[in-house]
Structures are given as C-alpha cells and as structure tokens.
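Structure below is final.txt: compact mmCIF, C-alpha atoms.
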# COMPACT_ATOMS: atom_id res chain seq x y z
CA ALA A 1 -17.63 45.03 80.49
CA ALA A 2 -17.86 43.72 76.94
CA VAL A 3 -16.46 46.98 75.56
CA LEU A 4 -13.59 46.91 78.07
CA CYS A 5 -12.88 43.33 77.04
CA ASN A 6 -12.50 44.43 73.43
CA LEU A 7 -10.51 47.55 74.31
CA ALA A 8 -8.10 45.56 76.49
CA ILE A 9 -6.80 43.70 73.44
CA ASN A 10 -4.76 46.82 72.71
CA ASP A 11 -1.73 47.08 75.03
CA ASP A 12 -2.04 50.84 75.53
CA ASN A 13 -5.74 50.50 76.31
CA SER A 14 -4.97 47.72 78.76
CA VAL A 15 -2.58 49.96 80.67
CA ALA A 16 -5.09 52.81 80.60
CA ILE A 17 -7.90 50.60 81.93
CA ALA A 18 -5.76 49.51 84.84
CA ALA A 19 -4.60 53.07 85.55
CA ALA A 20 -8.20 54.29 85.65
CA GLY A 21 -9.22 51.76 88.29
CA GLY A 22 -10.74 49.34 85.83
CA ILE A 23 -9.35 46.23 87.49
CA ASP A 24 -11.29 46.84 90.72
CA VAL A 25 -14.45 47.50 88.71
CA LEU A 26 -14.03 44.34 86.65
CA VAL A 27 -13.38 42.17 89.70
CA SER A 28 -16.52 43.63 91.30
CA LEU A 29 -18.56 42.85 88.18
CA ALA A 30 -17.14 39.33 87.96
CA ARG A 31 -18.33 38.82 91.55
CA ASP A 32 -21.65 40.68 91.67
CA GLY A 33 -22.80 41.34 88.11
CA ILE A 34 -25.48 39.55 86.12
CA GLU A 35 -24.45 36.40 84.26
CA GLY A 36 -23.34 38.07 81.04
CA GLN A 37 -21.46 40.79 82.91
CA LYS A 38 -19.56 38.20 84.94
CA ALA A 39 -18.36 36.41 81.80
CA CYS A 40 -17.34 39.62 80.04
CA ALA A 41 -15.59 40.94 83.13
CA ALA A 42 -13.65 37.69 83.53
CA GLY A 43 -12.76 37.87 79.84
CA ALA A 44 -11.42 41.40 80.24
CA LEU A 45 -9.40 40.32 83.27
CA ARG A 46 -8.00 37.41 81.26
CA ILE A 47 -6.62 39.84 78.68
CA LEU A 48 -5.36 42.29 81.31
CA ALA A 49 -3.58 39.41 83.08
CA GLY A 50 -1.21 39.16 80.14
CA ASN A 51 0.71 41.99 81.86
CA ASP A 52 2.92 41.24 84.89
CA GLU A 53 1.83 44.32 86.84
CA HIS A 54 -1.82 43.61 86.12
CA ARG A 55 -1.48 40.06 87.46
CA VAL A 56 -0.40 41.50 90.78
CA ALA A 57 -3.18 44.11 90.74
CA ILE A 58 -5.91 41.57 89.97
CA ALA A 59 -4.80 39.43 92.88
CA ALA A 60 -4.65 42.48 95.17
CA ALA A 61 -8.22 43.35 94.19
CA GLY A 62 -9.46 39.96 95.38
CA GLY A 63 -9.70 38.54 91.90
CA ILE A 64 -8.35 35.09 92.67
CA ASP A 65 -11.20 34.06 94.97
CA VAL A 66 -13.75 35.51 92.56
CA LEU A 67 -12.30 33.68 89.57
CA ILE A 68 -12.03 30.36 91.39
CA ALA A 69 -15.70 30.67 92.35
CA LEU A 70 -16.62 31.35 88.71
CA ALA A 71 -14.51 28.44 87.49
CA ARG A 72 -16.28 26.18 89.97
CA ASP A 73 -19.89 27.39 89.94
CA GLY A 74 -20.31 29.66 86.91
CA THR A 75 -21.94 29.14 83.55
CA GLU A 76 -19.93 27.42 80.83
CA ALA A 77 -18.84 30.80 79.44
CA GLN A 78 -17.87 32.05 82.90
CA LYS A 79 -15.90 28.88 83.67
CA GLY A 80 -13.92 29.20 80.45
CA GLU A 81 -13.05 32.85 80.95
CA ALA A 82 -12.19 32.29 84.61
CA ALA A 83 -9.93 29.34 83.78
CA GLY A 84 -8.16 31.44 81.16
CA THR A 85 -7.61 34.27 83.63
CA LEU A 86 -6.33 31.87 86.28
CA ARG A 87 -3.92 30.44 83.72
CA ASN A 88 -2.47 33.90 83.10
CA LEU A 89 -2.45 34.86 86.78
CA ALA A 90 -0.59 31.64 87.60
CA MET A 91 2.45 32.90 85.69
CA ASN A 92 3.21 34.85 88.88
CA HIS A 93 4.68 32.89 91.80
CA ASP A 94 2.67 34.54 94.57
CA ASN A 95 -0.53 34.19 92.58
CA SER A 96 0.09 30.48 92.06
CA VAL A 97 0.57 30.00 95.79
CA ALA A 98 -2.62 31.98 96.45
CA ILE A 99 -4.60 29.96 93.89
CA ALA A 100 -3.50 26.74 95.57
CA ALA A 101 -4.33 28.08 99.04
CA ALA A 102 -7.82 29.10 97.90
CA GLY A 103 -8.68 25.63 96.62
CA GLY A 104 -7.99 26.43 93.00
CA ILE A 105 -6.08 23.23 92.27
CA GLU A 106 -9.12 21.05 92.92
CA VAL A 107 -11.32 23.34 90.81
CA LEU A 108 -8.87 23.30 87.91
CA ILE A 109 -8.47 19.53 88.03
CA SER A 110 -12.26 19.17 87.97
CA LEU A 111 -12.40 21.39 84.87
CA ALA A 112 -9.57 19.45 83.23
CA ARG A 113 -11.58 16.28 83.78
CA ASP A 114 -15.17 17.34 83.12
CA GLY A 115 -15.06 20.68 81.33
CA THR A 116 -15.52 21.58 77.70
CA GLU A 117 -12.61 21.17 75.31
CA ARG A 118 -11.50 24.78 75.82
CA GLN A 119 -11.98 24.63 79.59
CA LYS A 120 -9.84 21.48 79.77
CA GLU A 121 -7.03 23.14 77.81
CA LEU A 122 -7.08 26.30 79.91
CA ALA A 123 -7.29 24.41 83.21
CA ALA A 124 -4.35 22.20 82.24
CA GLY A 125 -2.44 25.34 81.24
CA ALA A 126 -3.15 26.94 84.61
CA LEU A 127 -1.92 23.85 86.45
CA SER A 128 1.19 23.78 84.26
CA ASN A 129 2.01 27.41 85.06
CA MET A 130 1.51 26.83 88.76
CA ILE A 131 3.84 23.85 88.84
CA GLU A 132 6.45 25.69 86.78
CA VAL A 133 6.68 28.88 88.82
CA ALA A 134 5.81 27.81 92.37
CA SER A 135 7.66 24.86 93.83
CA GLY A 136 5.42 22.93 96.17
CA THR A 137 2.20 23.36 94.20
CA HIS A 138 2.99 20.07 92.43
CA GLU A 139 2.24 18.27 95.69
CA GLY A 140 -1.30 19.62 95.69
CA VAL A 141 -1.82 18.55 92.09
CA VAL A 142 -0.65 15.02 92.86
CA GLU A 143 -2.72 14.75 96.05
CA ALA A 144 -5.86 15.96 94.24
CA GLY A 145 -5.59 13.24 91.60
CA GLY A 146 -4.19 15.49 88.92
CA VAL A 147 -1.79 12.92 87.47
CA ALA A 148 -4.56 10.54 86.42
CA VAL A 149 -6.72 13.37 85.03
CA LEU A 150 -3.89 14.96 83.03
CA SER A 151 -2.63 11.58 81.77
CA SER A 152 -6.11 10.71 80.53
CA LEU A 153 -6.44 14.11 78.84
CA ALA A 154 -3.05 13.81 77.11
CA GLN A 155 -4.16 10.55 75.52
CA GLU A 156 -7.85 11.31 74.98
CA ALA A 157 -8.72 10.30 71.41
CA GLY A 158 -11.23 13.07 70.87
CA ALA A 159 -9.18 15.86 72.45
CA SER A 160 -7.65 18.60 70.32
CA ASP A 161 -3.90 18.73 69.78
CA ASP A 162 -3.66 21.87 71.92
CA CYS A 163 -5.62 20.23 74.72
CA LYS A 164 -3.36 17.17 74.70
CA LEU A 165 -0.26 19.34 74.60
CA ALA A 166 -1.41 21.47 77.55
CA ALA A 167 -1.90 18.31 79.62
CA ALA A 168 1.44 16.86 78.48
CA ILE A 169 3.31 20.05 79.44
CA ALA A 170 1.74 19.95 82.91
CA LEU A 171 2.74 16.30 83.30
CA VAL A 172 6.32 16.99 82.22
CA TYR A 173 6.58 19.79 84.78
CA LEU A 174 5.14 17.43 87.39
CA ALA A 175 7.77 14.83 86.51
CA SER A 176 10.53 17.42 86.76
CA SER A 177 9.33 18.27 90.28
CA CYS A 178 8.67 14.73 91.53
CA PRO A 179 11.66 12.34 91.43
CA ASP A 180 9.36 9.31 91.76
CA LEU A 181 7.03 10.38 88.95
CA ALA A 182 8.35 9.55 85.47
CA ALA A 183 7.20 11.30 82.31
CA ASP A 184 5.89 8.77 79.81
CA ASP A 185 7.00 8.51 76.20
CA THR A 186 3.71 9.94 74.92
CA CYS A 187 4.15 13.22 76.80
CA LEU A 188 7.77 13.62 75.79
CA SER A 189 6.96 12.87 72.16
CA LEU A 190 4.13 15.40 72.12
CA LEU A 191 6.43 18.15 73.34
CA LEU A 192 9.32 17.14 71.10
CA SER A 193 7.04 17.24 68.05
CA ARG A 194 6.51 20.97 68.67
CA LEU A 195 10.20 21.68 68.27
CA ASP A 196 9.91 20.98 64.54
CA GLN A 197 7.00 23.40 64.12
CA PRO A 198 6.91 27.19 63.92
CA GLU A 199 5.90 29.14 67.02
CA GLU A 200 2.15 29.36 67.50
CA ASN A 201 0.51 30.91 70.57
CA GLY A 202 3.58 30.16 72.67
CA TRP A 203 3.26 26.38 72.39
CA ARG A 204 6.80 25.84 71.05
CA ARG A 205 8.28 28.08 73.76
CA ASP A 206 6.31 26.36 76.50
CA SER A 207 7.30 22.92 75.20
CA ILE A 208 10.98 23.87 75.16
CA ASN A 209 10.86 25.24 78.70
CA ALA A 210 9.15 22.13 80.03
CA LEU A 211 11.57 19.81 78.24
CA LEU A 212 14.59 21.68 79.58
CA ALA A 213 13.16 21.63 83.11
CA LEU A 214 12.74 17.85 82.92
CA ALA A 215 16.11 17.17 81.28
CA THR A 216 17.98 19.00 84.05
CA SER A 217 15.99 17.41 86.87
CA SER A 218 16.77 14.27 88.86
CA SER A 219 13.77 12.62 87.18
CA ALA A 220 15.39 12.63 83.73
CA CYS A 221 16.10 9.20 82.24
CA ALA A 222 18.84 9.34 79.60
CA GLU A 223 17.77 6.04 78.06
CA GLN A 224 14.24 7.36 77.57
CA TRP A 225 15.48 10.60 76.03
CA HIS A 226 17.57 8.66 73.52
CA ARG A 227 14.65 6.33 72.79
CA VAL A 228 12.17 9.07 71.91
CA GLY A 229 14.69 11.19 69.99
CA GLY A 230 14.98 13.81 72.69
CA VAL A 231 18.76 13.97 72.76
CA ALA A 232 19.02 14.61 69.03
CA ALA A 233 16.26 17.21 69.32
CA LEU A 234 18.10 19.06 72.10
CA GLN A 235 21.33 19.00 70.10
CA ALA A 236 19.53 20.48 67.10
CA LEU A 237 17.88 23.10 69.28
CA ALA A 238 21.23 24.07 70.82
CA ARG A 239 22.68 24.69 67.37
CA GLU A 240 19.59 26.54 66.17
CA THR A 241 19.41 28.90 69.13
CA ALA A 242 23.17 29.57 69.03
CA GLU A 243 22.96 30.47 65.34
CA GLU A 244 20.05 32.80 66.12
CA GLY A 245 22.10 34.48 68.85
CA VAL A 246 19.91 33.25 71.70
CA GLU A 247 22.88 32.31 73.83
CA ARG A 248 21.05 31.73 77.11
CA GLN A 249 18.74 29.21 75.47
CA ALA A 250 21.69 27.49 73.82
CA GLU A 251 23.42 27.28 77.20
CA ARG A 252 20.31 25.76 78.77
CA CYS A 253 20.23 23.14 76.03
CA ASP A 254 23.90 22.34 76.70
CA GLU A 255 23.19 22.06 80.42
CA ALA A 256 20.35 19.65 79.67
CA LEU A 257 22.56 17.53 77.43
CA VAL A 258 25.28 17.34 80.08
CA SER A 259 22.64 16.34 82.64
CA LEU A 260 21.66 13.50 80.30
CA GLY A 261 25.27 12.40 80.01
CA VAL A 262 25.82 13.83 76.53
CA ARG A 263 28.59 16.16 75.43
CA ARG A 264 27.86 19.78 74.85
CA VAL A 265 27.18 20.72 71.25
CA ARG A 266 30.21 22.14 69.45
CA ARG A 267 29.22 25.49 68.01
CA ARG A 268 30.94 27.80 65.61
CA THR A 269 32.42 30.90 67.16
CA ALA A 270 32.49 34.26 65.49
CA ALA A 271 35.65 34.98 63.50
Would you put the structure from the file into structure tokens?
Amino acid sequence: AAVLCNLAINDDNSVAIAAAGGIDVLVSLARDGIEGQKACAAGALRILAGNDEHRVAIAAAGGIDVLIALARDGTEAQKGEAAGTLRNLAMNHDNSVAIAAAGGIEVLISLARDGTERQKELAAGALSNMIEVASGTHEGVVEAGGVAVLSSLAQEAGASDDCKLAAAIALVYLASSCPDLAADDTCLSLLLSRLDQPEENGWRRDSINALLALATSSSACAEQWHRVGGVAALQALARETAEEGVERQAERCDEALVSLGVRRVRRRTAA
C-alpha cells in the first residue's frame, strides 16, 4: 500500500493502478488491513481521488463508508488521510450527497473542531467542496453545528493560515447558499487577501470561486463588499483575467459586480 501511495503521485501510474483493479484492493485494505496498511491505503486513495473518474470508482467500490469510518474511529494518521480523501471525493456531486447520507458531515465537523491542525484543514476543505457542488448539503452542515465550528476555526489564533482559509471558504459557500446567513468581514477579508498572492495549492482559485459564488447570491451585501475592498478587488480581477484571455472568469467577475450594483469593468478590445 505504501508503494502504491508513492507510485500514485505520477499521473500515468495512477491511471494504471486504477486500470489494474487497484482501487478495489486499496478500499479493501483501508477497511480490513492492519493499522499501517489502512493509513497507507487511504493515502493512496487520496492521491487517486485527484482524478474525476477515480472519484467515481472509489465511491462505487464502497470507499465512502470505509473512509468515513476511518475519519471517525481511526488513528490520527488514518483520520488525516481519510479526511483528505473525502475532501477530494467531495468534488463530485454524487459523492458529496453520498457522504452526507452516510453521516460524513457530522464526522467532518467533529474533525474540524477537535482534530489536529492538518485534520481540521482537510475536514473544512471537504465540507467546503460538499457545499459548493451539492446544493442541499449546506442544510446538514448548519444543522450539525458547522457554522459555529467553522467560525471558531477561521478566527483561531493558533491555527495556520491555510486552516483559517479553508474554514473561511466553507463559511463563504455556506453564506452563498443560505440567504439568512451572512458572511462576516473576517472571512471575506481572508479570501480577498489571496487575490493579491500567487497561486499556491489551489488556494487562490478556490478563494475566487467562493467569492464569486457569494457575490452573485441573494446573500451578498453591497455595502459590506465596498467596506472590505471586495468591489475594487473584483474590478481588478476582471481586468486581470481579461488581459490573460480568461474570458469566462472575466465574465463571472462582471456578473458579480452587476449583482452588487456596480457597472461592468470596461475592458480593451483587440484591434
């Protein structure tokens, strides 16, 4: 399992492992292996779950129930690997629905509250992905007390920047899904601060997507966006993405600005 975990880092190897039936074997090990095997198998599945087809295959092999059990009852290493795999699996709509149905929301909120620093970050990331891709899962997060846990994590003095950001992204997605749940200035500011930084591990991309989801939702408050500098940031991002030729992103920024009652950004057109 440890060797497969290392091999899976390579994209071609990852595809080959899946094609050779490796996903079923790894799910079986994560369920029935000895402690070290379970952690390594979950780690390999985490890497494999970076591929859309593999996310579907892991779920089909019964991986979701196995990983939720590890995240709840496993060793610290097993919990971390399982949370990371659930985060990646949750990028798929059907998987997110299945995770919620299997009790995964409560397990992830528990990890976000009581886990290690890394477990908290990964659990918050899993919740964020679920809320983003599967409408309705936000209700489960709210009912399970997720707002208080994520709010505390986003402001926890000793938490890492990545841990705070993961919680803030989840809260912003929650606010975009719940008209009566406002995003606070701290969360918005955390995400906006990433727009001025280079891409690192997808954090800038994820921050942009969450901000655009909120800005175009009925929960958006134009006065708040002006107050925290969000309008100016979206205007700058619209220009930047247009200049880079990322037209769809520029259009999304314009849509967000219009939703906030601001004019679209005037952009240069090609001669």
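Take CA of Arg205 in chain A and CA of Ala250 in chain A: the distance between them is 13.4 Å.
Within 9 Å of Leu212 in chain A, once all atoms listed in the file are used and residues closer than 6 positions along the same chain are dropped, the contacting residues are A:Leu234, A:Arg252, A:Cys253, A:Glu255, A:Ala256.
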Requested write-out: C-alpha atoms of the selected residues, as a tab-separated table (two decimals), in the frame of the given file:
chain	number	residue	atom	x	y	z
A	234	LEU	CA	18.10	19.06	72.10
A	252	ARG	CA	20.31	25.76	78.77
A	253	CYS	CA	20.23	23.14	76.03
A	255	GLU	CA	23.19	22.06	80.42
A	256	ALA	CA	20.35	19.65	79.67
* Counting all atoms listed in the file, what is within 10 Å of Ser193 in chain A, bar same-chain residues fewer than 3 positions away, as a PyMOL selection string? -> chain A and resi 188-190+196-197+204+207+229-230+233
* Skip Asp162 in chain A itself and residues of its chain fewer than 3 positions away, then list as number ranges by chain all residues within 8 Å of it, counting only C-alpha atoms. => A: 121, 165-166
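CA of Arg118 in chain A is found 23.5 Å from CA of His54 in chain A.
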* To do: Excluding range 94-98 of chain A and residues on its chain fewer than 2 positions from it, collect all residues at most 10 Å away from it, counting all atoms listed in the file, and give them as a PyMOL selection string.
  => chain A and resi 55-56+58-60+64-65+86-92+100-105+126-127+129-137
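Straight-line separation from CA of Arg227 in chain A to CA of Pro179 in chain A: 19.8 Å.
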* To do: Using all atoms listed in the file, determine which residues lie at most 6 Å from range 142-152 of chain A, disregarding the query and same-chain residues fewer than 3 positions distant; provide the list as a ChimeraX atom specification.
  => /A:109,113,139,155-156,167
Dump C-alpha atoms for the selected residues as a PDB file, in the coordinates of the input?
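What ended up in out.pdb:
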ATOM      1  CA  ILE A 109      -8.470  19.530  88.030  1.00  0.00           C
ATOM      2  CA  ARG A 113     -11.580  16.280  83.780  1.00  0.00           C
ATOM      3  CA  GLU A 139       2.240  18.270  95.690  1.00  0.00           C
ATOM      4  CA  GLN A 155      -4.160  10.550  75.520  1.00  0.00           C
ATOM      5  CA  GLU A 156      -7.850  11.310  74.980  1.00  0.00           C
ATOM      6  CA  ALA A 167      -1.900  18.310  79.620  1.00  0.00           C
TER       7      ALA A 167
END
* Asked: Which one is closest to Ala30 in chain A: A:Ala82, A:Ala18, A:Val3, A:Ile208? Count all atoms listed in the file.
  -> A:Ala82
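Minimum atom-to-atom distance to Ala16 in chain A, evaluated using all atoms listed in the file, belongs to A:Leu48 out of A:Leu48, A:Glu240, A:Val107, A:Ala213.
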